[in-house]
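Trainee: Sharing structure-v7.cif (mmCIF, C-alpha atoms) below.
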data_model
loop_
_atom_site.label_atom_id
_atom_site.label_comp_id
_atom_site.auth_asym_id
_atom_site.auth_seq_id
_atom_site.Cartn_x
_atom_site.Cartn_y
_atom_site.Cartn_z
CA MET A 17 23.75 -46.08 -33.11
CA ILE A 18 21.64 -49.19 -32.75
CA ASP A 19 21.77 -51.67 -35.61
CA ASP A 20 18.77 -53.95 -35.61
CA SER A 21 19.54 -55.85 -38.78
CA SER A 22 21.22 -58.87 -37.23
CA HIS A 23 19.11 -61.85 -36.17
CA CYS A 24 19.57 -64.64 -33.66
CA PRO A 25 17.58 -67.89 -34.11
CA HIS A 26 18.15 -68.82 -30.46
CA ARG A 27 16.64 -65.52 -29.32
CA ALA A 28 13.77 -66.07 -31.75
CA ARG A 29 12.98 -69.41 -30.15
CA ALA A 30 13.17 -67.99 -26.64
CA GLU A 31 10.77 -65.17 -27.57
CA LYS A 32 8.38 -67.58 -29.24
CA ASN A 33 8.24 -69.91 -26.26
CA ALA A 34 8.06 -67.15 -23.68
CA SER A 35 4.59 -66.79 -22.20
CA PRO A 36 3.12 -64.76 -19.36
CA LEU A 37 3.80 -66.54 -16.09
CA PRO A 38 1.48 -66.40 -13.08
CA VAL A 39 2.00 -63.84 -10.36
CA THR A 40 0.55 -64.95 -7.04
CA ASP A 41 -0.63 -62.09 -4.80
CA GLY A 42 1.96 -59.82 -6.42
CA LYS A 43 4.82 -61.92 -5.03
CA PHE A 44 7.82 -62.73 -7.17
CA ASP A 45 8.54 -66.42 -7.49
CA PHE A 46 10.42 -68.74 -9.84
CA VAL A 47 8.07 -70.80 -12.00
CA HIS A 48 9.05 -73.77 -14.13
CA GLU A 49 9.45 -72.53 -17.67
CA ASP A 50 9.28 -74.84 -20.70
CA ALA A 51 11.43 -72.77 -23.02
CA TYR A 52 14.54 -73.06 -25.11
CA LEU A 53 17.72 -73.07 -23.04
CA PRO A 54 20.33 -70.61 -24.34
CA PRO A 55 24.07 -71.33 -24.35
CA GLY A 56 25.49 -70.11 -21.07
CA ALA A 57 28.54 -68.02 -20.30
CA ASP A 58 29.60 -70.69 -17.79
CA ARG A 59 30.11 -73.22 -20.61
CA GLN A 60 27.48 -75.47 -19.06
CA ASP A 61 26.53 -78.24 -21.46
CA ARG A 62 22.87 -77.68 -22.39
CA LYS A 63 22.13 -81.36 -22.90
CA ILE A 64 23.47 -82.22 -19.44
CA PHE A 65 21.56 -79.30 -17.97
CA GLU A 66 18.33 -80.50 -19.59
CA LYS A 67 18.80 -83.99 -18.14
CA GLN A 68 19.14 -82.47 -14.68
CA GLN A 69 16.78 -79.55 -15.19
CA GLU A 70 14.27 -80.60 -12.52
CA GLN A 71 17.02 -80.49 -9.88
CA HIS A 72 18.21 -77.14 -11.24
CA PHE A 73 14.68 -75.71 -11.18
CA ARG A 74 14.11 -76.84 -7.60
CA ALA A 75 17.41 -75.31 -6.50
CA ILE A 76 16.66 -72.02 -8.28
CA HIS A 77 13.14 -71.93 -6.85
CA ARG A 78 14.42 -72.52 -3.32
CA LYS A 79 17.07 -69.80 -3.52
CA VAL A 80 14.67 -67.27 -5.03
CA LEU A 81 12.06 -67.94 -2.35
CA GLN A 82 14.70 -67.62 0.36
CA ASP A 83 15.97 -64.39 -1.20
CA ARG A 84 19.42 -65.92 -1.66
CA TRP A 85 19.87 -65.77 -5.43
CA ILE A 86 23.14 -64.22 -6.65
CA PHE A 87 23.86 -63.70 -10.34
CA SER A 88 27.18 -65.05 -11.63
CA PRO A 89 29.59 -62.60 -13.31
CA PHE A 90 28.62 -61.65 -16.84
CA LEU A 91 30.98 -62.75 -19.59
CA GLU A 92 31.58 -59.72 -21.79
CA LYS A 93 32.31 -59.93 -25.51
CA SER A 94 32.90 -57.22 -28.08
CA ILE A 95 31.06 -57.10 -31.40
CA PRO A 96 31.80 -54.56 -34.14
CA LYS A 97 29.35 -51.79 -34.96
CA ILE A 98 28.46 -50.95 -38.55
CA ALA A 99 29.42 -47.31 -38.02
CA GLY A 100 32.73 -48.28 -36.43
CA GLY A 101 33.80 -49.06 -32.89
CA GLU A 102 32.62 -51.93 -30.75
CA ARG A 103 29.60 -52.82 -28.61
CA ILE A 104 30.06 -54.81 -25.40
CA ILE A 105 27.54 -57.64 -24.97
CA SER A 106 27.08 -59.29 -21.56
CA LEU A 107 26.40 -63.04 -21.53
CA ALA A 108 24.80 -64.77 -18.54
CA THR A 109 24.84 -68.39 -17.37
CA ILE A 110 21.91 -70.66 -18.19
CA ARG A 111 20.59 -70.51 -14.61
CA ASP A 112 20.86 -66.72 -14.49
CA THR A 113 19.10 -66.39 -17.82
CA LEU A 114 16.18 -68.43 -16.51
CA VAL A 115 15.88 -66.17 -13.47
CA GLN A 116 16.12 -63.09 -15.70
CA ARG A 117 13.32 -64.43 -17.88
CA ARG A 118 11.11 -64.97 -14.85
CA LEU A 119 11.90 -61.48 -13.58
CA TYR A 120 11.10 -60.09 -17.03
CA GLU A 121 7.72 -61.84 -17.14
CA TYR A 122 6.91 -60.56 -13.66
CA LEU A 123 7.89 -56.94 -14.38
CA TYR A 124 6.72 -56.53 -17.98
CA PRO A 125 2.97 -56.08 -17.31
CA ILE A 126 3.86 -53.52 -14.63
CA VAL A 127 6.43 -51.55 -16.63
CA ASP A 128 4.97 -51.58 -20.14
CA PRO A 129 1.82 -49.52 -19.37
CA LEU A 130 4.11 -46.72 -18.14
CA LEU A 131 5.70 -46.36 -21.59
CA SER A 132 4.55 -44.12 -24.41
CA ASP A 133 3.90 -45.03 -28.04
CA ALA A 134 7.14 -43.24 -28.91
CA CYS A 135 9.10 -46.08 -27.29
CA CYS A 136 9.52 -48.81 -29.91
CA ALA A 137 12.35 -51.07 -28.71
CA TYR A 138 12.17 -54.02 -26.31
CA ARG A 139 8.38 -54.18 -26.39
CA ARG A 140 5.96 -56.85 -27.50
CA GLY A 141 4.08 -55.90 -30.63
CA SER A 142 6.52 -53.10 -31.43
CA GLY A 143 9.98 -52.82 -32.91
CA ALA A 144 12.12 -51.14 -35.54
CA HIS A 145 9.40 -51.30 -38.20
CA ASN A 146 6.98 -49.45 -35.94
CA ALA A 147 9.61 -46.74 -35.41
CA ILE A 148 10.22 -46.42 -39.15
CA LYS A 149 6.50 -46.13 -39.91
CA GLN A 150 6.09 -43.37 -37.31
CA ILE A 151 9.02 -41.43 -38.76
CA ARG A 152 7.77 -41.90 -42.31
CA ASN A 153 4.32 -40.59 -41.33
CA ALA A 154 5.87 -37.57 -39.61
CA LEU A 155 8.07 -36.70 -42.59
CA ASP A 156 5.21 -37.15 -45.05
CA ALA A 157 3.16 -34.78 -42.87
CA GLY A 158 5.81 -32.08 -43.20
CA TYR A 159 7.78 -32.58 -39.98
CA VAL A 160 11.06 -32.56 -41.89
CA HIS A 161 13.26 -30.72 -39.37
CA VAL A 162 14.57 -33.40 -37.05
CA LEU A 163 16.75 -33.71 -34.00
CA ASP A 164 18.72 -36.86 -34.81
CA ALA A 165 20.19 -37.92 -31.47
CA ASP A 166 22.05 -40.64 -29.62
CA ILE A 167 22.55 -40.93 -25.86
CA LYS A 168 26.27 -41.14 -25.13
CA SER A 169 27.35 -44.59 -23.86
CA PHE A 170 23.87 -45.08 -22.47
CA PHE A 171 24.06 -48.68 -21.27
CA ASP A 172 27.47 -48.06 -19.70
CA ARG A 173 26.41 -44.90 -17.87
CA VAL A 174 23.00 -45.67 -16.34
CA ASP A 175 23.02 -44.45 -12.75
CA HIS A 176 21.93 -47.28 -10.46
CA GLU A 177 20.40 -45.11 -7.76
CA THR A 178 18.30 -43.17 -10.27
CA LEU A 179 16.96 -46.37 -11.81
CA LEU A 180 16.34 -48.08 -8.47
CA ALA A 181 14.51 -45.01 -7.16
CA ILE A 182 12.09 -45.36 -10.09
CA ALA A 183 11.78 -49.12 -9.49
CA ARG A 184 10.98 -48.58 -5.80
CA ASP A 185 7.87 -46.65 -6.80
CA LEU A 186 6.55 -49.66 -8.70
CA PRO A 187 4.07 -52.04 -7.03
CA ILE A 188 6.52 -54.95 -6.98
CA ASP A 189 7.67 -57.55 -4.49
CA GLU A 190 10.76 -56.80 -2.40
CA ARG A 191 12.45 -59.93 -3.71
CA ALA A 192 12.11 -58.66 -7.27
CA LEU A 193 13.50 -55.27 -6.22
CA ARG A 194 16.47 -56.91 -4.53
CA LEU A 195 17.14 -59.06 -7.61
CA LEU A 196 17.16 -55.91 -9.72
CA GLN A 197 19.76 -54.36 -7.45
CA ILE A 198 21.91 -57.51 -7.56
CA TYR A 199 21.53 -57.68 -11.33
CA LEU A 200 22.75 -54.11 -11.76
CA THR A 201 25.83 -54.60 -9.59
CA THR A 202 26.79 -58.07 -10.85
CA PRO A 203 30.49 -58.14 -11.81
CA ARG A 204 31.76 -58.60 -15.33
CA VAL A 205 34.62 -60.66 -16.70
CA THR A 206 36.21 -60.81 -20.15
CA SER A 207 37.15 -63.98 -22.01
CA GLU A 208 40.80 -63.01 -21.64
CA ASP A 209 40.47 -62.57 -17.87
CA ARG A 210 38.89 -65.99 -17.56
CA ARG A 211 41.46 -67.61 -19.84
CA LYS A 212 44.35 -66.22 -17.81
CA ALA A 213 42.77 -67.36 -14.56
CA ASP A 214 42.09 -70.87 -15.88
CA SER A 215 45.57 -71.29 -17.36
CA ALA A 216 47.44 -70.09 -14.27
CA LYS A 217 49.24 -72.70 -12.18
CA PRO A 218 47.85 -73.01 -9.63
CA ARG A 219 44.54 -71.82 -11.05
CA THR A 220 43.61 -68.36 -9.84
CA LYS A 221 40.36 -66.43 -9.51
CA TYR A 222 39.57 -63.56 -11.83
CA SER A 223 38.59 -60.20 -10.42
CA ARG A 224 34.93 -59.81 -9.40
CA GLU A 225 34.57 -56.09 -8.88
CA PRO A 226 30.88 -55.06 -8.61
CA ARG A 227 29.48 -52.97 -11.46
CA THR A 228 28.97 -49.45 -10.10
CA LEU A 229 27.50 -47.85 -13.21
CA GLY A 230 25.56 -49.03 -16.24
CA ILE A 231 23.44 -52.09 -17.05
CA PRO A 232 24.52 -55.28 -18.85
CA GLN A 233 23.77 -54.78 -22.54
CA GLY A 234 22.21 -57.91 -23.95
CA GLY A 235 20.66 -59.04 -20.68
CA VAL A 236 17.06 -60.28 -20.81
CA ILE A 237 15.74 -57.44 -18.64
CA SER A 238 18.20 -54.68 -19.64
CA GLY A 239 16.07 -53.29 -22.46
CA MET A 240 13.00 -53.12 -20.25
CA LEU A 241 15.00 -51.33 -17.54
CA ALA A 242 16.31 -48.87 -20.13
CA ASN A 243 12.73 -48.09 -21.17
CA LEU A 244 11.68 -47.69 -17.54
CA LEU A 245 14.46 -45.18 -16.91
CA LEU A 246 13.67 -43.19 -20.06
CA ALA A 247 9.88 -43.14 -19.62
CA SER A 248 9.98 -39.68 -18.02
CA PHE A 249 12.31 -38.47 -20.79
CA ASP A 250 9.81 -39.61 -23.42
CA LYS A 251 6.98 -37.70 -21.75
CA GLU A 252 9.08 -34.55 -21.52
CA MET A 253 10.02 -34.72 -25.21
CA GLN A 254 6.40 -35.23 -26.28
CA GLN A 255 5.27 -31.86 -24.99
CA GLY A 256 3.79 -29.70 -27.75
CA GLU A 257 3.49 -30.67 -31.41
CA ASP A 258 6.91 -32.32 -31.83
CA ILE A 259 6.90 -36.03 -32.69
CA LEU A 260 9.32 -38.23 -30.74
CA VAL A 261 10.37 -41.69 -31.94
CA ARG A 262 12.82 -43.58 -29.71
CA TYR A 263 14.48 -46.92 -30.28
CA ALA A 264 16.62 -47.84 -27.24
CA ASP A 265 19.19 -45.03 -26.89
CA ASP A 266 18.64 -43.61 -30.39
CA PHE A 267 15.83 -41.16 -31.01
CA LEU A 268 14.45 -38.64 -33.50
CA VAL A 269 12.34 -35.62 -32.70
CA CYS A 270 10.47 -34.58 -35.85
CA CYS A 271 9.53 -30.89 -35.92
CA GLN A 272 7.88 -28.45 -38.31
CA THR A 273 10.60 -25.80 -38.03
CA GLU A 274 14.35 -25.71 -37.52
CA GLN A 275 13.90 -23.56 -34.42
CA ALA A 276 11.61 -26.18 -32.87
CA ALA A 277 14.26 -28.84 -33.51
CA ASN A 278 16.92 -26.67 -31.86
CA ASP A 279 14.62 -26.16 -28.87
CA ALA A 280 14.11 -29.93 -28.68
CA ASP A 281 17.90 -30.34 -28.55
CA VAL A 282 18.06 -28.13 -25.44
CA ARG A 283 15.11 -29.87 -23.78
CA ALA A 284 16.61 -33.30 -24.46
CA ALA A 285 19.90 -32.32 -22.86
CA HIS A 286 18.15 -31.08 -19.70
CA ALA A 287 15.85 -34.09 -19.48
CA LEU A 288 18.75 -36.54 -19.78
CA ASP A 289 20.88 -34.69 -17.24
CA ALA A 290 18.06 -35.11 -14.73
CA LEU A 291 18.32 -38.89 -15.16
CA GLY A 292 21.65 -39.29 -13.40
CA GLY A 293 23.76 -37.11 -15.67
CA LEU A 294 23.13 -38.79 -19.01
CA GLU A 295 24.31 -36.83 -22.07
CA LEU A 296 23.69 -36.54 -25.78
CA HIS A 297 26.51 -37.88 -27.93
CA PRO A 298 28.17 -34.76 -29.40
CA ASP A 299 29.28 -36.52 -32.60
CA LYS A 300 26.02 -38.37 -33.24
CA THR A 301 23.52 -35.65 -32.39
CA ALA A 302 22.51 -32.91 -34.82
CA VAL A 303 19.56 -30.96 -36.15
CA ARG A 304 18.98 -32.01 -39.76
CA ASP A 305 16.77 -31.20 -42.68
CA ALA A 306 15.24 -34.59 -43.48
CA THR A 307 13.59 -33.55 -46.75
CA ASP A 308 16.04 -35.84 -48.57
CA GLY A 309 15.93 -38.45 -45.83
CA VAL A 310 17.40 -39.42 -42.49
CA ASP A 311 19.05 -42.64 -41.25
CA PHE A 312 17.50 -44.59 -38.39
CA VAL A 313 17.99 -48.20 -37.14
CA GLY A 314 19.33 -49.46 -40.45
CA PHE A 315 16.88 -47.62 -42.73
CA ARG A 316 16.95 -44.46 -44.82
CA ILE A 317 13.57 -42.74 -44.48
CA GLY A 318 12.40 -39.71 -46.39
CA ARG A 319 9.29 -38.10 -47.80
CA GLY A 320 7.84 -40.75 -50.06
CA PHE A 321 10.48 -43.48 -49.61
CA THR A 322 11.92 -46.07 -47.24
CA ARG A 323 15.24 -47.69 -48.18
CA VAL A 324 18.07 -49.73 -46.74
CA ARG A 325 20.68 -47.46 -45.15
CA SER A 326 23.85 -47.27 -47.25
CA ALA A 327 26.09 -48.49 -44.40
CA ASN A 328 23.92 -51.60 -43.93
CA LEU A 329 23.92 -52.18 -47.67
CA ALA A 330 27.72 -52.01 -47.68
CA LYS A 331 27.91 -54.49 -44.79
CA PHE A 332 25.71 -56.95 -46.64
CA LYS A 333 27.87 -56.65 -49.76
CA LYS A 334 30.97 -57.21 -47.65
CA GLY A 335 29.46 -60.43 -46.33
CA ILE A 336 28.75 -61.64 -49.88
CA ARG A 337 32.30 -60.81 -50.96
CA GLU A 338 33.75 -62.67 -47.97
CA VAL A 339 31.86 -65.81 -48.94
CA ILE A 340 33.08 -65.63 -52.53
CA ASP A 341 36.66 -64.69 -51.62
CA THR A 342 36.99 -67.56 -49.12
CA HIS A 343 35.27 -70.15 -51.31
CA LYS A 344 37.54 -73.06 -52.23
CA PRO A 345 36.97 -73.85 -55.91
CA LYS A 346 36.34 -77.32 -57.28
CA THR A 347 37.42 -78.64 -60.66
CA ASP A 348 33.89 -79.26 -61.92
CA SER A 349 32.40 -75.84 -62.69
CA ASN A 350 28.77 -76.94 -62.30
CA TRP A 351 29.41 -78.56 -58.94
CA ASP A 352 31.44 -75.54 -57.86
CA LEU A 353 28.59 -73.17 -58.79
CA ARG A 354 26.11 -75.28 -56.78
CA ARG A 355 28.37 -75.24 -53.73
CA LEU A 356 28.88 -71.48 -53.94
CA SER A 357 25.15 -70.88 -54.48
CA ARG A 358 24.35 -72.99 -51.42
CA ARG A 359 26.71 -70.91 -49.27
CA LEU A 360 25.34 -67.63 -50.60
CA SER A 361 21.75 -68.74 -50.05
CA TYR A 362 22.44 -68.58 -46.30
CA LYS A 363 23.32 -64.89 -46.66
CA ILE A 364 20.22 -64.23 -48.76
CA GLN A 365 17.57 -66.34 -47.00
CA GLY A 366 19.11 -66.73 -43.57
CA PRO A 367 19.17 -70.10 -41.72
CA ILE A 368 15.84 -71.02 -43.29
CA ASP A 369 16.19 -74.79 -42.77
CA GLU A 370 17.07 -74.44 -39.09
CA ILE A 371 14.23 -71.96 -38.54
CA ARG A 372 11.69 -74.32 -40.10
CA LYS A 373 13.09 -77.42 -38.40
CA HIS A 374 13.01 -75.95 -34.90
CA ASN A 375 10.07 -73.58 -35.50
CA LEU A 376 12.16 -70.61 -34.40
CA ALA A 377 9.90 -67.94 -35.87
CA LYS A 378 6.29 -67.59 -36.95
CA HIS A 379 7.47 -66.44 -40.37
CA PRO A 380 10.61 -68.27 -41.61
CA HIS A 381 11.77 -65.46 -43.91
CA HIS A 382 11.55 -62.72 -41.30
CA ARG A 383 14.82 -63.90 -39.79
CA SER A 384 16.79 -63.16 -42.95
CA TRP A 385 18.63 -59.94 -43.78
CA ILE A 386 16.11 -58.97 -46.43
CA GLY A 387 13.28 -60.11 -44.15
CA PHE A 388 14.19 -57.34 -41.75
CA TYR A 389 14.00 -54.84 -44.61
CA ARG A 390 10.69 -56.13 -45.95
CA ILE A 391 9.04 -52.72 -45.38
CA VAL A 392 11.31 -50.92 -47.87
CA ASP A 393 9.43 -49.52 -50.85
CA ASP A 394 12.44 -48.69 -53.03
CA GLU A 395 12.40 -52.04 -54.82
CA LYS A 396 14.86 -50.82 -57.42
CA GLN A 397 17.50 -50.78 -54.69
CA ILE A 398 16.90 -54.49 -53.99
CA LYS A 399 16.84 -55.42 -57.68
CA ASN A 400 20.18 -53.65 -58.17
CA LEU A 401 21.60 -55.60 -55.23
CA ASP A 402 20.37 -58.85 -56.79
CA ARG A 403 22.11 -57.86 -60.03
CA TRP A 404 25.30 -57.05 -58.14
CA ILE A 405 25.31 -60.51 -56.51
CA ARG A 406 24.98 -62.21 -59.90
CA GLU A 407 27.82 -60.07 -61.25
CA GLN A 408 30.09 -61.19 -58.41
CA ILE A 409 29.27 -64.83 -59.08
CA SER A 410 29.81 -64.41 -62.82
CA ARG A 411 33.20 -62.83 -62.21
CA TYR A 412 34.19 -65.66 -59.85
CA VAL A 413 33.17 -68.42 -62.30
CA TRP A 414 34.99 -66.72 -65.16
CA GLN A 415 38.16 -66.29 -63.10
CA GLN A 416 38.15 -69.89 -61.86
CA HIS A 417 36.72 -71.79 -64.82
CA HIS A 418 36.81 -69.37 -67.80
CA LYS A 419 33.14 -70.06 -68.29
CA LYS A 420 30.20 -67.68 -68.64
CA VAL A 421 27.12 -68.27 -66.49
CA THR A 422 23.67 -66.69 -66.73
CA ALA A 423 21.01 -65.90 -64.14
CA LYS A 424 19.23 -69.07 -65.28
CA HIS A 425 22.33 -71.17 -64.52
CA MET A 426 22.48 -69.62 -61.05
CA ARG A 427 18.81 -70.36 -60.35
CA GLU A 428 19.29 -73.95 -61.46
CA ALA A 429 22.30 -74.16 -59.13
CA GLY A 430 20.07 -73.16 -56.22
CA LEU A 431 20.82 -69.45 -55.85
CA PRO A 432 17.75 -67.71 -54.39
CA SER A 433 16.71 -64.27 -55.51
CA LEU A 434 17.00 -61.50 -52.94
CA TYR A 435 14.01 -59.76 -54.52
CA GLY A 436 12.04 -63.02 -54.49
CA THR A 437 12.88 -63.58 -50.83
CA LEU A 438 11.67 -60.04 -50.11
CA TRP A 439 8.26 -60.90 -51.50
CA LYS A 440 8.16 -64.17 -49.58
CA ALA A 441 8.90 -62.22 -46.39
CA ARG A 442 5.92 -59.95 -47.15
CA LYS A 443 3.48 -62.83 -47.58
CA PRO A 444 1.51 -64.40 -44.70
CA PRO A 445 3.53 -67.12 -42.89
CA GLU A 446 1.41 -70.00 -44.19
CA SER A 447 2.07 -69.05 -47.83
CA ALA A 448 5.78 -68.22 -47.49
#
Step by step, read the file and then write its structure as structure tokens.
Mentor:
Amino acid sequence: MIDDSSHCPHRARAEKNASPLPVTDGKFDFVHEDAYLPPGADRQDRKIFEKQQEQHFRAIHRKVLQDRWIFSPFLEKSIPKIAGGERIISLATIRDTLVQRRLYEYLYPIVDPLLSDACCAYRRGSGAHNAIKQIRNALDAGYVHVLDADIKSFFDRVDHETLLAIARDLPIDERALRLLQIYLTTPRVTSEDRRKADSAKPRTKYSREPRTLGIPQGGVISGMLANLLLASFDKEMQQGEDILVRYADDFLVCCQTEQAANDADVRAAHALDALGGLELHPDKTAVRDATDGVDFVGFRIGRGFTRVRSANLAKFKKGIREVIDTHKPKTDSNWDLRRLSRRLSYKIQGPIDEIRKHNLAKHPHHRSWIGFYRIVDDEKQIKNLDRWIREQISRYVWQQHHKKVTAKHMREAGLPSLYGTLWKARKPPESA
């Protein structure tokens, strides 16, 4: 299942600086882009790249115009999922990321109008909160029988020919279409593969087998391509009175009866099979009674409430415990409490100083953990979590210094309130 509760300041800056680029006579071209440069999978030094960026831009522009651009192999890394298992993220080079951004800006105004309101991920002006609000409205209206579904290994199993057939029907330049095909088949390499190749004597080349199935998860245009592929699925699932809400490869179909939800299960299976043999995940798909709530993209939504999902709550607590357990105590208890509070404030508020310094987001507190959950209305849950954090700190100080500390001592030491940060995240940016 998708977890949308992690935040990346670098991505925030890229999104903020991204702006619609001109399309001349419908032709795809590479246009100079004044945007934040991401770290590249090729270990290219960003500062050196920026000093030579005009030469890089000219070279990229020339190759794109001549239809000679080839993406470098994606560097794949594994990140743990909250529900267990791992997700493979594909990292591109700086140059490839710039070309992907340009391709994204070219394709977005063509692809986005084809999508339905049920599609909430990878779209401007939409997101997880929009999905949660749609689900909440459906449940409050009595659509409490839901098909809670996940597409099995979606990003790894996208059929290239099926996706390209859809892309060929779009009014796009042939160069853009060819870049899409190259993007889909670009090889992948793991850090271990590259390390072995670099350490070999003499140095060897790692395998560069083309990707024959799937799309690189984490790529700039991958989410948009996923939405393009699933646009016909969304339309099929919106037939009748059922309410579909989809976020990437996770979706809910809210129905008024259990039978309608079971029928939606059958229709979903057929609609996915028609898209190159995609399947519902057997262990993550079920018809549920959502009267008492249902989990979706990090939230627990039910009739009359929106909360943080228990698994995401547990992950946050684990992060707090890791900070406390790895903290190296100092002799002076007051100084030690200030140091610990400063470290914990990063978990509570996020990288607030970096966000403000580099203007990474319109609202500085939206990039924090609690900022993502600012739409929850079960405030008791957040107050209890604040209390739990103070209890952990009190226990630490007592164990290390045999001294009792109060909430006032913690505030004076610089510990921010999770509940207070929640309210800051809800305020307009200029007053936060």
Trainee: Rounded to one decimal, what separation in Å do you get between CA of Gly314 (chain A) and CA of Ala327 (chain A)?
Mentor: 7.9 Å
Trainee: Under the PyMOL selection byres ((chain A and resi 180-184) around 12), which residues of this model are included? Write them out as a VMD selection string.
Mentor: chain A and resid 123 126 to 127 130 174 to 179 185 to 201 231 240 to 248 291 to 292
Trainee: Write out as a PyMOL selection string which residues come within 9 Å of region 396-413 of chain A when counting only C-alpha atoms, dropping same-chain ones fewer than 3 positions away.
Mentor: chain A and resi 323-324+329+333+336-337+340-341+349+352-353+356-357+386+393+416-423+426+433-435+438
Trainee: Of the candidates A:Ile105, A:Ala165, A:Ala154, A:Ala285, which shows the shortest atom-to-atom distance to Gly235 (chain A), using all atoms listed in the file?
Mentor: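 Residue with the minimum atom-to-atom distance to Gly235 (chain A): A:Ile105.
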Trainee: Please provide as an NGL selection string all residues within 12 Å of Val115 (chain A), with the sequence filter that same-chain residues fewer than 2 positions apart are discarded (counting only C-alpha atoms).
Mentor: :A and (44-49 or 53 or 72-73 or 75-77 or 79-81 or 85-88 or 108-113 or 117-122 or 192 or 195-196 or 199 or 235-237)
Trainee: So which residues touch Asp133 (chain A) within 10 Å, counting only C-alpha atoms, skipping near sequence neighbours fewer than 5 positions away, as a ChimeraX atom specification?
Mentor: /A:142,146-147,150,250,260-262
Trainee: With a distance cut-off of 8 Å and only C-alpha atoms, select the neighbouring residues of Ala264 (chain A), excluding the residue or stretch itself and same-chain residues fewer than 5 positions from it, and output the selection as a PyMOL selection string.
Mentor: chain A and resi 18+135-138+239+242-243
Trainee: Generate the output file for the selected residues, C-alpha atoms, as a PDB file, in the frame of the given file.
Mentor:
ATOM      1  CA  ILE A  18      21.640 -49.190 -32.750  1.00  0.00           C
ATOM      2  CA  CYS A 135       9.100 -46.080 -27.290  1.00  0.00           C
ATOM      3  CA  CYS A 136       9.520 -48.810 -29.910  1.00  0.00           C
ATOM      4  CA  ALA A 137      12.350 -51.070 -28.710  1.00  0.00           C
ATOM      5  CA  TYR A 138      12.170 -54.020 -26.310  1.00  0.00           C
ATOM      6  CA  GLY A 239      16.070 -53.290 -22.460  1.00  0.00           C
ATOM      7  CA  ALA A 242      16.310 -48.870 -20.130  1.00  0.00           C
ATOM      8  CA  ASN A 243      12.730 -48.090 -21.170  1.00  0.00           C
TER       9      ASN A 243
END
Trainee: What does the distance from CA of Glu92 (chain A) to CA of Arg224 (chain A) come to in Å, to one decimal?
Mentor: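 Atom-to-atom, CA of Glu92 (chain A) to CA of Arg224 (chain A), that is 12.8 Å.
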Trainee: Show which residues sit within 8 Å of Pro203 (chain A), as a PyMOL selection string. Count only C-alpha atoms, and ignore same-chain residues fewer than 5 positions away.
Mentor: chain A and resi 88-90+224-227
Trainee: Report, as AutoDock Vina command-line options, the centre and edge lengths in Å (one decimal) of the axis-aligned box enclosing every listed atom of region 151-156 of chain A, padded by 6 Å on each side.
Mentor:
--center_x 6.7 --center_y -39.3 --center_z -41.9 --size_x 16.7 --size_y 17.2 --size_z 18.3
Trainee: Could you check which of A:Lys363, A:His145, A:Arg325, A:His425 is closest to Glu338 (chain A), using all atoms listed in the file?
Mentor: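 Closest candidate: A:Lys363.
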Trainee: So which residues get picked by the PyMOL selection byres ((chain A and resi 173) around 10) here, written as a list of chain:residue names?
Mentor: A:Ile167, A:Lys168, A:Ser169, A:Phe170, A:Phe171, A:Asp172, A:Val174, A:Asp175, A:His176, A:Thr228, A:Leu229, A:Gly230, A:Ile231, A:Gly292, A:Gly293, A:Leu294, A:Glu295
Trainee: Hey, can you check how far CA of Gln365 (chain A) sits from CA of His381 (chain A)?
Mentor: 6.6 Å
Trainee: Report as a list in words the full result of the PyMOL selection byres ((chain A and resi 321) around 8) when it is applied to this structure.
Mentor: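 The output of the PyMOL selection byres ((chain A and resi 321) around 8) on this file is Arg152, Ile317, Gly318, Arg319, Gly320, Thr322, Arg323, Val392, Asp393 and Asp394 of chain A.
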Trainee: Have a look at A:His343, A:Lys149, A:Lys440, A:Lys373 and name the one nearest to Ala134 (chain A); count only C-alpha atoms.
Mentor: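 Checking each candidate against Ala134 (chain A), we get A:Lys149 as the closest.
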Trainee: Using all atoms listed in the file, which of the listed residues (A:Phe388, A:Arg84, A:Glu257, A:His379) sits closest to Gly143 (chain A)?
Mentor: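 Counting all atoms listed in the file, the residue closest to Gly143 (chain A) is A:Phe388.
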